[in-house]
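Novice: Sharing input_3.cif below, mmCIF, C-alpha atoms:
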data_entry
#
loop_
_atom_site.label_atom_id
_atom_site.label_comp_id
_atom_site.auth_asym_id
_atom_site.auth_seq_id
_atom_site.Cartn_x
_atom_site.Cartn_y
_atom_site.Cartn_z
CA MET A 127 85.62 18.85 144.12
CA ARG A 128 89.00 17.87 145.46
CA LEU A 129 92.00 19.02 143.52
CA ARG A 130 95.05 16.83 142.95
CA PRO A 131 98.62 17.82 142.13
CA GLY A 132 98.32 15.70 139.00
CA ARG A 133 100.17 12.67 137.72
CA PRO A 134 100.67 11.87 134.03
CA LYS A 135 99.90 8.47 132.56
CA SER A 136 102.20 6.24 130.60
CA TYR A 137 101.32 5.17 127.11
CA THR A 138 99.69 2.03 128.57
CA GLY A 139 97.54 4.06 130.95
CA ALA A 140 99.43 3.11 134.14
CA LEU A 141 100.07 5.86 136.64
CA MET A 142 103.66 7.05 136.53
CA ILE A 143 105.76 9.16 138.87
CA PRO A 144 106.15 12.63 137.35
CA PHE A 145 109.56 14.22 137.08
CA SER A 146 109.75 17.97 137.58
CA LEU A 147 112.55 20.54 137.47
CA LEU A 148 113.74 23.10 140.03
CA ASP A 149 115.75 26.01 138.62
CA LEU A 150 117.64 28.53 140.77
CA SER A 151 118.61 30.61 137.71
CA PRO A 152 122.33 30.36 138.56
CA ILE A 153 124.50 33.35 137.75
CA ARG A 154 127.83 32.07 136.52
CA LYS A 155 131.11 33.63 137.60
CA ASP A 156 131.86 36.68 135.42
CA SER A 157 128.37 36.53 133.88
CA THR A 158 125.15 38.48 134.45
CA ALA A 159 121.64 37.96 135.75
CA ALA A 160 120.35 38.80 132.27
CA GLU A 161 122.19 35.82 130.80
CA SER A 162 120.93 33.60 133.62
CA LEU A 163 117.33 34.56 133.00
CA ARG A 164 117.72 33.90 129.27
CA ASN A 165 119.13 30.48 130.15
CA THR A 166 116.18 29.86 132.47
CA ARG A 167 113.73 30.60 129.67
CA ASP A 168 115.64 28.31 127.31
CA LEU A 169 115.85 25.50 129.85
CA ALA A 170 112.10 25.75 130.53
CA GLN A 171 111.31 25.43 126.84
CA HIS A 172 113.52 22.35 126.60
CA ALA A 173 111.99 20.89 129.78
CA GLU A 174 108.53 21.23 128.28
CA ARG A 175 109.61 19.40 125.12
CA TRP A 176 111.28 16.70 127.20
CA GLY A 177 108.10 16.02 129.16
CA TYR A 178 108.89 17.43 132.59
CA HIS A 179 105.72 17.95 134.62
CA ARG A 180 106.54 21.20 136.47
CA TYR A 181 109.13 23.94 136.30
CA TRP A 182 109.67 25.62 139.65
CA LEU A 183 111.75 28.65 140.63
CA ALA A 184 112.91 29.63 144.10
CA GLU A 185 113.04 32.87 146.08
CA HIS A 186 116.47 33.88 147.39
CA HIS A 187 117.64 37.39 148.24
CA ASN A 188 121.03 39.09 148.34
CA MET A 189 122.60 36.08 146.61
CA THR A 190 124.94 37.13 143.83
CA GLY A 191 124.76 33.64 142.31
CA ILE A 192 120.96 33.40 142.00
CA ALA A 193 118.83 35.48 139.62
CA SER A 194 115.31 34.46 140.73
CA ALA A 195 114.79 36.89 143.65
CA ALA A 196 111.69 38.41 142.00
CA THR A 197 110.26 34.93 141.70
CA ALA A 198 106.77 35.79 140.48
CA VAL A 199 108.25 37.95 137.70
CA VAL A 200 110.50 35.11 136.51
CA ILE A 201 107.57 32.68 136.67
CA ALA A 202 105.59 35.03 134.44
CA ASP A 203 108.41 35.07 131.89
CA VAL A 204 108.77 31.27 131.92
CA ALA A 205 105.02 30.69 131.66
CA ALA A 206 104.81 33.11 128.72
CA ALA A 207 107.65 31.28 126.95
CA THR A 208 105.99 27.86 127.35
CA SER A 209 102.51 26.53 126.79
CA THR A 210 101.80 23.27 128.64
CA ILE A 211 104.27 22.68 131.48
CA ARG A 212 103.13 23.70 134.97
CA VAL A 213 105.15 26.64 136.30
CA GLY A 214 105.44 27.74 139.89
CA ALA A 215 107.36 28.67 142.98
CA GLY A 216 109.48 26.27 144.91
CA GLY A 217 109.06 28.43 146.74
CA ILE A 218 107.84 31.78 147.90
CA MET A 219 109.19 32.53 151.37
CA LEU A 220 106.00 33.66 153.06
CA PRO A 221 107.63 35.46 156.02
CA ASN A 222 108.93 38.01 153.50
CA HIS A 223 105.49 38.97 152.19
CA ALA A 224 102.00 39.97 153.14
CA PRO A 225 99.67 37.08 152.16
CA LEU A 226 97.41 39.46 150.23
CA MET A 227 100.28 40.54 147.96
CA VAL A 228 101.21 36.91 147.26
CA ALA A 229 97.56 36.13 146.48
CA GLU A 230 97.38 39.05 144.04
CA GLN A 231 100.63 38.09 142.32
CA PHE A 232 99.73 34.44 141.89
CA GLY A 233 96.12 35.28 141.13
CA THR A 234 97.48 37.38 138.27
CA LEU A 235 99.71 34.53 137.09
CA ALA A 236 96.81 32.08 137.26
CA SER A 237 94.60 34.49 135.32
CA LEU A 238 97.23 34.82 132.60
CA HIS A 239 98.04 31.10 132.51
CA PRO A 240 94.96 29.15 133.72
CA GLY A 241 95.58 25.69 135.11
CA ARG A 242 99.37 25.96 134.96
CA ILE A 243 100.48 27.82 138.12
CA ASP A 244 101.67 26.26 141.41
CA LEU A 245 102.47 28.10 144.63
CA GLY A 246 104.95 26.43 146.95
CA LEU A 247 105.42 28.13 150.32
CA GLY A 248 108.45 28.15 152.59
CA ARG A 249 108.79 29.21 156.21
CA ALA A 250 112.40 30.44 156.09
CA PRO A 251 113.23 33.97 154.89
CA GLY A 252 115.57 32.65 152.19
CA SER A 253 118.25 35.11 153.20
CA ASP A 254 120.46 36.31 156.04
CA PRO A 255 119.02 38.37 158.95
CA ARG A 256 120.23 41.71 157.60
CA THR A 257 118.62 41.02 154.23
CA ALA A 258 115.45 39.88 155.93
CA ARG A 259 115.33 43.19 157.79
CA ALA A 260 115.84 45.00 154.49
CA LEU A 261 112.71 43.24 153.23
CA ARG A 262 110.89 45.14 156.00
CA ARG A 263 109.20 42.24 157.72
CA ASN A 264 108.82 41.68 161.46
CA LEU A 265 111.55 39.13 162.10
CA GLN A 266 110.54 38.46 165.69
CA ASP A 267 107.23 36.77 165.04
CA SER A 268 107.03 36.03 161.28
CA PRO A 269 107.99 32.32 161.55
CA ASP A 270 105.52 31.88 164.40
CA THR A 271 102.68 33.24 162.28
CA PHE A 272 103.44 31.01 159.29
CA PRO A 273 100.42 28.68 159.80
CA GLU A 274 98.07 31.67 160.13
CA ASP A 275 99.64 33.30 157.06
CA VAL A 276 99.11 30.11 155.04
CA LEU A 277 95.45 30.01 156.06
CA GLU A 278 95.01 33.68 155.24
CA LEU A 279 96.58 33.19 151.82
CA GLN A 280 94.46 30.11 151.18
CA ALA A 281 91.32 32.07 152.05
CA TYR A 282 92.13 34.76 149.49
CA PHE A 283 91.95 32.12 146.75
CA GLU A 284 88.44 31.07 147.78
CA PRO A 285 85.41 32.75 146.17
CA ALA A 286 84.67 36.10 147.77
CA VAL A 287 81.56 36.24 149.97
CA PRO A 288 79.09 39.13 150.24
CA GLY A 289 80.43 41.84 152.50
CA GLN A 290 84.04 40.58 152.40
CA ALA A 291 86.12 43.66 153.16
CA VAL A 292 89.43 42.54 151.63
CA GLN A 293 89.67 40.55 148.43
CA ALA A 294 92.53 39.42 146.20
CA VAL A 295 91.86 40.84 142.74
CA PRO A 296 92.76 38.83 140.77
CA GLY A 297 92.90 35.75 142.98
CA ALA A 298 89.49 35.27 144.58
CA GLY A 299 87.91 32.02 143.44
CA LEU A 300 90.96 30.80 141.52
CA ARG A 301 92.07 28.24 144.13
CA VAL A 302 95.70 28.33 143.06
CA PRO A 303 97.24 25.00 144.21
CA LEU A 304 99.29 25.48 147.38
CA TRP A 305 102.24 23.32 148.41
CA LEU A 306 104.18 23.43 151.66
CA LEU A 307 107.95 23.12 151.40
CA GLY A 308 110.27 22.07 154.15
CA SER A 309 113.73 20.91 155.17
CA SER A 310 112.76 19.81 158.71
CA LEU A 311 109.62 18.47 160.37
CA PHE A 312 107.52 21.61 160.94
CA SER A 313 106.11 21.98 157.43
CA ALA A 314 105.55 18.22 157.16
CA GLN A 315 103.27 18.41 160.20
CA LEU A 316 101.50 21.52 158.93
CA ALA A 317 101.01 20.10 155.42
CA ALA A 318 99.50 16.96 156.98
CA LYS A 319 97.21 19.01 159.21
CA LEU A 320 96.00 21.25 156.37
CA GLY A 321 95.76 18.44 153.82
CA LEU A 322 98.20 20.01 151.36
CA PRO A 323 100.86 18.46 149.11
CA PHE A 324 104.35 18.50 150.59
CA ALA A 325 107.78 18.94 149.01
CA PHE A 326 110.95 18.16 150.94
CA ALA A 327 114.17 20.08 150.20
CA SER A 328 116.42 17.03 150.39
CA HIS A 329 118.68 18.46 147.69
CA PHE A 330 120.39 20.61 150.34
CA ALA A 331 119.07 19.29 153.68
CA PRO A 332 118.56 15.51 153.55
CA THR A 333 118.83 14.79 157.27
CA TYR A 334 115.12 14.63 158.10
CA LEU A 335 113.83 13.38 154.75
CA GLN A 336 112.52 9.99 155.84
CA GLN A 337 111.21 11.23 159.19
CA ALA A 338 109.38 14.14 157.54
CA LEU A 339 107.76 11.86 154.96
CA GLN A 340 106.65 9.44 157.69
CA ILE A 341 105.11 12.23 159.76
CA TYR A 342 103.39 13.75 156.75
CA ARG A 343 101.85 10.47 155.60
CA SER A 344 100.87 9.16 159.03
CA GLN A 345 99.28 12.44 160.17
CA PHE A 346 97.67 13.46 156.88
CA THR A 347 94.09 14.75 157.09
CA PRO A 348 92.10 14.80 153.82
CA SER A 349 90.98 18.25 152.78
CA ALA A 350 89.07 20.05 150.06
CA ALA A 351 92.46 20.51 148.36
CA LEU A 352 93.80 16.96 148.53
CA GLU A 353 92.29 13.57 149.16
CA ARG A 354 95.47 11.62 149.97
CA PRO A 355 99.05 12.56 150.90
CA TYR A 356 101.23 13.60 147.99
CA ALA A 357 104.96 13.98 148.58
CA MET A 358 107.59 15.41 146.27
CA VAL A 359 111.30 14.71 146.89
CA ALA A 360 114.05 17.01 145.62
CA VAL A 361 117.35 15.62 144.35
CA ASN A 362 120.49 17.01 142.72
CA VAL A 363 121.18 15.17 139.47
CA PHE A 364 124.41 15.65 137.55
CA ALA A 365 124.24 13.45 134.46
CA ALA A 366 126.70 13.36 131.59
CA ASP A 367 127.85 11.00 128.88
CA SER A 368 130.63 9.78 131.20
CA GLU A 369 130.88 9.41 134.95
CA ARG A 370 134.12 11.38 134.99
CA GLU A 371 132.50 14.37 133.30
CA ALA A 372 129.45 14.21 135.60
CA ARG A 373 131.67 14.26 138.69
CA ARG A 374 133.58 17.19 137.27
CA LEU A 375 130.35 19.12 136.67
CA PHE A 376 129.30 18.37 140.26
CA THR A 377 132.28 20.33 141.60
CA SER A 378 130.53 23.61 140.72
CA LEU A 379 127.81 22.81 143.25
CA GLN A 380 130.37 21.58 145.76
CA GLN A 381 132.23 24.87 145.46
CA GLN A 382 128.97 26.79 145.87
CA PHE A 383 128.18 24.97 149.12
CA LEU A 384 131.76 25.32 150.31
CA ASN A 385 131.38 29.07 149.97
CA LEU A 386 128.10 28.91 151.90
CA VAL A 387 129.87 27.00 154.68
CA ARG A 388 132.48 29.75 154.78
CA GLY A 389 129.86 32.50 154.76
CA THR A 390 131.05 33.81 151.39
CA PRO A 391 128.32 32.98 148.85
CA GLY A 392 129.00 34.07 145.31
CA GLN A 393 128.50 33.33 141.65
CA LEU A 394 128.55 29.77 140.34
CA ARG A 395 132.15 28.79 139.68
CA PRO A 396 133.49 26.69 136.79
CA PRO A 397 134.09 23.01 137.55
CA VAL A 398 137.51 21.76 138.63
CA ASP A 399 139.26 18.44 138.22
CA ASP A 400 139.97 17.99 141.92
CA MET A 401 138.32 19.49 145.02
CA THR A 402 141.05 18.24 147.39
CA PRO A 403 143.12 21.44 147.52
CA LEU A 404 140.03 23.63 147.87
CA TRP A 405 138.58 22.37 151.14
CA SER A 406 139.62 21.05 154.52
CA PRO A 407 138.43 17.60 155.71
CA SER A 408 135.85 19.19 158.01
CA GLU A 409 134.54 21.42 155.21
CA GLN A 410 134.37 18.44 152.89
CA ALA A 411 132.32 16.51 155.45
CA ARG A 412 129.85 19.37 155.87
CA VAL A 413 129.41 19.87 152.13
CA GLU A 414 129.03 16.16 151.46
CA HIS A 415 126.43 15.87 154.20
CA SER A 416 124.39 18.77 152.77
CA LEU A 417 124.58 17.27 149.29
CA GLY A 418 123.88 13.72 150.40
CA CYS A 419 120.79 13.51 148.21
CA SER A 420 122.64 13.76 144.92
CA VAL A 421 122.92 11.40 141.97
CA VAL A 422 126.03 11.87 139.86
CA GLY A 423 127.23 9.84 136.88
CA GLY A 424 126.43 8.46 133.48
CA ALA A 425 123.05 7.17 132.40
CA HIS A 426 123.34 3.81 134.16
CA ALA A 427 124.40 5.33 137.49
CA VAL A 428 121.66 7.98 137.29
CA SER A 429 119.01 5.37 136.52
CA ASP A 430 120.11 3.22 139.47
CA GLY A 431 120.38 6.18 141.85
CA LEU A 432 116.98 7.66 141.07
CA SER A 433 115.33 4.23 141.15
CA ARG A 434 116.74 3.64 144.64
CA LEU A 435 115.56 7.06 145.80
CA ILE A 436 112.02 6.39 144.58
CA GLU A 437 112.03 2.99 146.24
CA GLU A 438 113.40 4.29 149.55
CA THR A 439 111.06 7.28 149.80
CA ALA A 440 107.96 6.05 147.92
CA ALA A 441 107.95 9.54 146.39
CA ASP A 442 104.87 10.55 144.43
CA GLU A 443 107.01 12.91 142.37
CA LEU A 444 110.68 13.78 141.97
CA ILE A 445 111.92 17.30 141.38
CA VAL A 446 115.45 17.38 140.01
CA THR A 447 117.85 20.29 140.12
CA ALA A 448 121.43 20.94 139.01
CA GLN A 449 123.72 23.92 139.43
CA ILE A 450 125.86 23.31 136.34
CA HIS A 451 128.17 26.07 135.12
CA ASP A 452 127.99 25.42 131.39
CA HIS A 453 124.48 25.89 130.00
CA ALA A 454 124.88 23.27 127.27
CA ALA A 455 126.06 20.71 129.83
CA ARG A 456 123.13 21.65 132.07
CA LEU A 457 120.71 21.05 129.22
CA ARG A 458 122.33 17.70 128.49
CA SER A 459 122.07 16.61 132.13
CA PHE A 460 118.32 17.25 132.26
CA GLU A 461 117.92 15.66 128.83
CA ILE A 462 119.56 12.44 130.05
CA VAL A 463 117.19 12.33 133.02
CA ALA A 464 114.24 12.83 130.68
CA GLU A 465 115.47 10.02 128.42
CA LEU A 466 115.62 7.69 131.43
CA ARG A 467 112.36 8.83 133.02
CA ASP A 468 109.97 6.14 131.82
CA ALA A 469 112.34 3.37 132.84
CA ILE A 470 113.02 4.97 136.24
CA ALA A 471 109.46 6.03 137.12
CA ALA A 472 107.99 2.61 137.77
CA PRO A 473 104.17 2.34 137.72
CA ARG A 474 102.47 2.73 141.10
CA ALA A 475 99.19 1.05 142.00
CA SER A 476 97.70 4.04 143.83
CA LEU A 477 98.44 7.25 145.67
CA HIS A 478 97.51 5.76 149.05
CA PHE A 479 100.08 4.97 151.72
CA ASP A 480 99.25 2.74 154.69
#
Kindly return the structure encoded in the file as structure tokens.
Specialist:
Amino acid sequence: MRLRPGRPKSYTGALMIPFSLLDLSPIRKDSTAAESLRNTRDLAQHAERWGYHRYWLAEHHNMTGIASAATAVVIADVAAATSTIRVGAGGIMLPNHAPLMVAEQFGTLASLHPGRIDLGLGRAPGSDPRTARALRRNLQDSPDTFPEDVLELQAYFEPAVPGQAVQAVPGAGLRVPLWLLGSSLFSAQLAAKLGLPFAFASHFAPTYLQQALQIYRSQFTPSAALERPYAMVAVNVFAADSEREARRLFTSLQQQFLNLVRGTPGQLRPPVDDMTPLWSPSEQARVEHSLGCSVVGGAHAVSDGLSRLIEETAADELIVTAQIHDHAARLRSFEIVAELRDAIAAPRASLHFD
């Protein structure tokens, strides 16, 4: 039987584009990881009530502004605090881990929360070279072995066969759904070759979005996991009750990326009224390019922006994210998106792309 990523139906029975949520568990300036993880749990519970399809967390290391480094542990906490929403990794950076250990971790999660766990896989280390070395992986050939590591991990989720020397316990036979994540063309090609669903990280690297989707769809080979291509597109959404407030909230993410450009990542800063004195023209251009796939504004602007993105990409699913400093404002932003979802997510006739 072929597995599908899943798409909810509208009240009339028409297929609708699911909206999902990506959370980086931001650590606010002068706050703590403990507070961030409590906010993550709270946001996940709200997301479930608001009808989001998935709640994904991402692996980053040595980042003082992100609390989800032990991604599988945070997923376990979120899954335990919710009951119906799918929970998963967007993603696990496979070069940092032995495939067997990932299979055991996510086999455990799938055993605790059957039918609710996703495993998205990335090829980058999710950190700087020194941190990657501290993770004790072979940096010289890890990216080159990514396809083999994906296949090895996939095999651990298949039923064990007689005489199999190494098994994932738990994990064997659970067929945890795998996704490939990417911000360039490599993972699009590999996802197409392996017949896996594909998620593009356009929320911070939009340059190759359309090219990656075209490659993935045109080269897709059906597999036991997936019958037709299924593409998820990531987008920053900063929604508020006024456009002015939404643009102010957006400055926290702009400051975060400005610090990344300068090589000084840190905790998520409070919003400001004006970014002009904070960056140079060249820095502004780099940040704005990285954040090109962002929708910022009131309800009308958000509805128009997300509708255009769906139309331009033919996305099967959107995953929205927002690094907002104030937790209440962050909740309100995702709530506005949820309120607009049924109007934005126009019915689609099928999952097939010519």
Novice: Please report the interatomic distance between atom CA of A:Glu174 and atom CA of A:Thr210 in Å with one decimal.
Specialist: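 Interatomic distance here is 7.0 Å.
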Novice: Could you state the separation of atom CA of A:Phe272 and atom CA of A:Phe324 in Å, given to one decimal place?
Specialist: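 Going from atom CA of A:Phe272 over to atom CA of A:Phe324 covers 15.3 Å.
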Novice: For the PyMOL selection byres ((chain A and resi 189) around 10), applied here, can you spell out every residue it catches as an MDAnalysis selection string?
Specialist: chainID A and resid 152:153 186:188 190:195 252:254 257 390:393
Novice: Give as number ranges by chain each residue that has an atom at most 7 Å from (111.0, 32.5, 147.9) in the file, counting only C-alpha atoms.
Specialist: A: 184-186, 197, 217-219, 248, 252
Novice: Just say which residues the PyMOL selection byres ((chain A and resi 446) around 9) picks in this file, as a list in words.
Specialist: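 What the PyMOL selection byres ((chain A and resi 446) around 9) grabs from the file is Phe145, Ser146, Leu147, Leu148, Asp149, His329, Val359, Ala360, Val361, Asn362, Val363, Leu444, Ile445, Thr447, Ala448, Phe460 and Val463 of chain A.
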Novice: Residues of the last selection are to be written out with C-alpha atoms, as a PDB file, in the frame of the given file.
Specialist:
ATOM      1  CA  PHE A 145     109.560  14.220 137.080  1.00  0.00           C
ATOM      2  CA  SER A 146     109.750  17.970 137.580  1.00  0.00           C
ATOM      3  CA  LEU A 147     112.550  20.540 137.470  1.00  0.00           C
ATOM      4  CA  LEU A 148     113.740  23.100 140.030  1.00  0.00           C
ATOM      5  CA  ASP A 149     115.750  26.010 138.620  1.00  0.00           C
ATOM      6  CA  HIS A 329     118.680  18.460 147.690  1.00  0.00           C
ATOM      7  CA  VAL A 359     111.300  14.710 146.890  1.00  0.00           C
ATOM      8  CA  ALA A 360     114.050  17.010 145.620  1.00  0.00           C
ATOM      9  CA  VAL A 361     117.350  15.620 144.350  1.00  0.00           C
ATOM     10  CA  ASN A 362     120.490  17.010 142.720  1.00  0.00           C
ATOM     11  CA  VAL A 363     121.180  15.170 139.470  1.00  0.00           C
ATOM     12  CA  LEU A 444     110.680  13.780 141.970  1.00  0.00           C
ATOM     13  CA  ILE A 445     111.920  17.300 141.380  1.00  0.00           C
ATOM     14  CA  THR A 447     117.850  20.290 140.120  1.00  0.00           C
ATOM     15  CA  ALA A 448     121.430  20.940 139.010  1.00  0.00           C
ATOM     16  CA  PHE A 460     118.320  17.250 132.260  1.00  0.00           C
ATOM     17  CA  VAL A 463     117.190  12.330 133.020  1.00  0.00           C
TER      18      VAL A 463
END
Novice: My list of candidates is A:Arg374, A:Arg301, A:His172, A:Arg167. Which is closest to A:Gly424 when distances are computed with all atoms listed in the file?
Specialist: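 Of the candidates, the smallest distance to A:Gly424 is held by A:Arg374.
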Novice: What do you get, as a short mmCIF file (atom, residue, chain, number, x, y, z; two decimals) with C-alpha atoms, in the frame of the given file, if you spell out every residue that the PyMOL selection byres ((chain A and resi 459) around 9) selects here?
Specialist:
data_model
loop_
_atom_site.label_atom_id
_atom_site.label_comp_id
_atom_site.auth_asym_id
_atom_site.auth_seq_id
_atom_site.Cartn_x
_atom_site.Cartn_y
_atom_site.Cartn_z
CA VAL A 363 121.18 15.17 139.47
CA PHE A 364 124.41 15.65 137.55
CA ALA A 365 124.24 13.45 134.46
CA ALA A 366 126.70 13.36 131.59
CA ASP A 367 127.85 11.00 128.88
CA ALA A 372 129.45 14.21 135.60
CA ALA A 448 121.43 20.94 139.01
CA ILE A 450 125.86 23.31 136.34
CA ALA A 454 124.88 23.27 127.27
CA ALA A 455 126.06 20.71 129.83
CA ARG A 456 123.13 21.65 132.07
CA LEU A 457 120.71 21.05 129.22
CA ARG A 458 122.33 17.70 128.49
CA PHE A 460 118.32 17.25 132.26
CA GLU A 461 117.92 15.66 128.83
CA ILE A 462 119.56 12.44 130.05
CA VAL A 463 117.19 12.33 133.02
CA ALA A 464 114.24 12.83 130.68
#
Novice: Nearest to A:Pro348: which of A:Ile470, A:Val302, A:Ala325, A:Leu320 is it, counting all atoms listed in the file?
Specialist: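 Checking each candidate against A:Pro348, we get A:Leu320 as the closest.
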Novice: Residues near A:Ser416, anyone? I mean within 9 Å using all atoms listed in the file, not counting same-chain ones fewer than 5 positions away, as a ChimeraX atom specification.
Specialist: /A:328-333,383,411
Novice: Keeping only C-alpha atoms, take the residues you just selected and write them out as a CSV table (one decimal), in the coordinates of the input.
Specialist:
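Below you can see again-v6.csv, which holds the result:
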chain,number,residue,atom,x,y,z
A,328,SER,CA,116.4,17.0,150.4
A,329,HIS,CA,118.7,18.5,147.7
A,330,PHE,CA,120.4,20.6,150.3
A,331,ALA,CA,119.1,19.3,153.7
A,332,PRO,CA,118.6,15.5,153.6
A,333,THR,CA,118.8,14.8,157.3
A,383,PHE,CA,128.2,25.0,149.1
A,411,ALA,CA,132.3,16.5,155.4
Novice: Mind working out the centre and edge lengths of an axis-aligned box for stretch 312-319 of chain A, all listed atoms inside, 3 Å added to each side, rounded to one decimal in Å and written as AutoDock Vina command-line options?
Specialist:
--center_x 102.4 --center_y 19.5 --center_z 158.2 --size_x 16.3 --size_y 11.0 --size_z 11.5
Novice: Counting all atoms listed in the file, which residue out of A:Leu307, A:Tyr334, A:Arg259, A:Arg343 sits closest to A:Gly321?
Specialist: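 Comparing A:Leu307, A:Tyr334, A:Arg259, A:Arg343 against A:Gly321, the winner is A:Arg343.
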Novice: Name the closest residue to A:Ser313 among the candidates A:Arg434, A:Arg373, A:Arg249, A:His415; distances are taken between atoms, counting all atoms listed in the file.
Specialist: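 Under the stated criterion, the closest residue is A:Arg249.
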Novice: For atom CA of A:Gly297 and atom CA of A:Ala327, determine how far apart the two atoms are, in Å to one decimal place.
Specialist: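 Computing the Euclidean distance for atom CA of A:Gly297 and atom CA of A:Ala327 yields 27.4 Å.
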Novice: Could stretch 378-393 of chain A be completed with N, CA, C and O atoms and written as a CSV table (one decimal), in the coordinates of the input, please?
Specialist:
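The result, written out as out.csv:
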chain,number,residue,atom,x,y,z
A,378,SER,N,131.1,22.2,140.6
A,378,SER,CA,130.5,23.6,140.7
A,378,SER,C,129.6,23.8,141.9
A,378,SER,O,129.6,24.8,142.6
A,379,LEU,N,128.7,22.8,142.1
A,379,LEU,CA,127.8,22.8,143.2
A,379,LEU,C,128.6,22.6,144.5
A,379,LEU,O,128.3,23.3,145.6
A,380,GLN,N,129.6,21.8,144.6
A,380,GLN,CA,130.4,21.6,145.8
A,380,GLN,C,131.1,22.9,146.1
A,380,GLN,O,131.1,23.2,147.3
A,381,GLN,N,131.6,23.6,145.2
A,381,GLN,CA,132.2,24.9,145.5
A,381,GLN,C,131.2,25.9,146.0
A,381,GLN,O,131.5,26.7,146.9
A,382,GLN,N,130.0,25.9,145.4
A,382,GLN,CA,129.0,26.8,145.9
A,382,GLN,C,128.6,26.5,147.3
A,382,GLN,O,128.5,27.5,148.1
A,383,PHE,N,128.5,25.3,147.7
A,383,PHE,CA,128.2,25.0,149.1
A,383,PHE,C,129.4,25.2,150.0
A,383,PHE,O,129.2,25.6,151.2
A,384,LEU,N,130.6,25.0,149.5
A,384,LEU,CA,131.8,25.3,150.3
A,384,LEU,C,131.8,26.8,150.7
A,384,LEU,O,132.1,27.2,151.8
A,385,ASN,N,131.4,27.6,149.7
A,385,ASN,CA,131.4,29.1,150.0
A,385,ASN,C,130.3,29.4,151.0
A,385,ASN,O,130.4,30.3,151.8
A,386,LEU,N,129.2,28.7,150.9
A,386,LEU,CA,128.1,28.9,151.9
A,386,LEU,C,128.6,28.5,153.3
A,386,LEU,O,128.3,29.2,154.3
A,387,VAL,N,129.3,27.4,153.4
A,387,VAL,CA,129.9,27.0,154.7
A,387,VAL,C,130.8,28.1,155.2
A,387,VAL,O,130.8,28.4,156.4
A,388,ARG,N,131.5,28.7,154.4
A,388,ARG,CA,132.5,29.8,154.8
A,388,ARG,C,131.8,31.1,154.9
A,388,ARG,O,132.5,32.1,155.3
A,389,GLY,N,130.5,31.2,154.6
A,389,GLY,CA,129.9,32.5,154.8
A,389,GLY,C,130.2,33.5,153.7
A,389,GLY,O,130.1,34.7,153.8
A,390,THR,N,130.7,32.9,152.5
A,390,THR,CA,131.0,33.8,151.4
A,390,THR,C,130.4,33.4,150.1
A,390,THR,O,131.0,33.0,149.1
A,391,PRO,N,129.0,33.4,150.1
A,391,PRO,CA,128.3,33.0,148.8
A,391,PRO,C,128.7,33.9,147.7
A,391,PRO,O,129.0,35.1,147.8
A,392,GLY,N,128.6,33.3,146.5
A,392,GLY,CA,129.0,34.1,145.3
A,392,GLY,C,128.4,33.4,144.1
A,392,GLY,O,127.6,32.6,144.1
A,393,GLN,N,129.0,33.9,142.9
A,393,GLN,CA,128.5,33.3,141.6
A,393,GLN,C,129.0,31.9,141.5
A,393,GLN,O,129.9,31.4,142.1
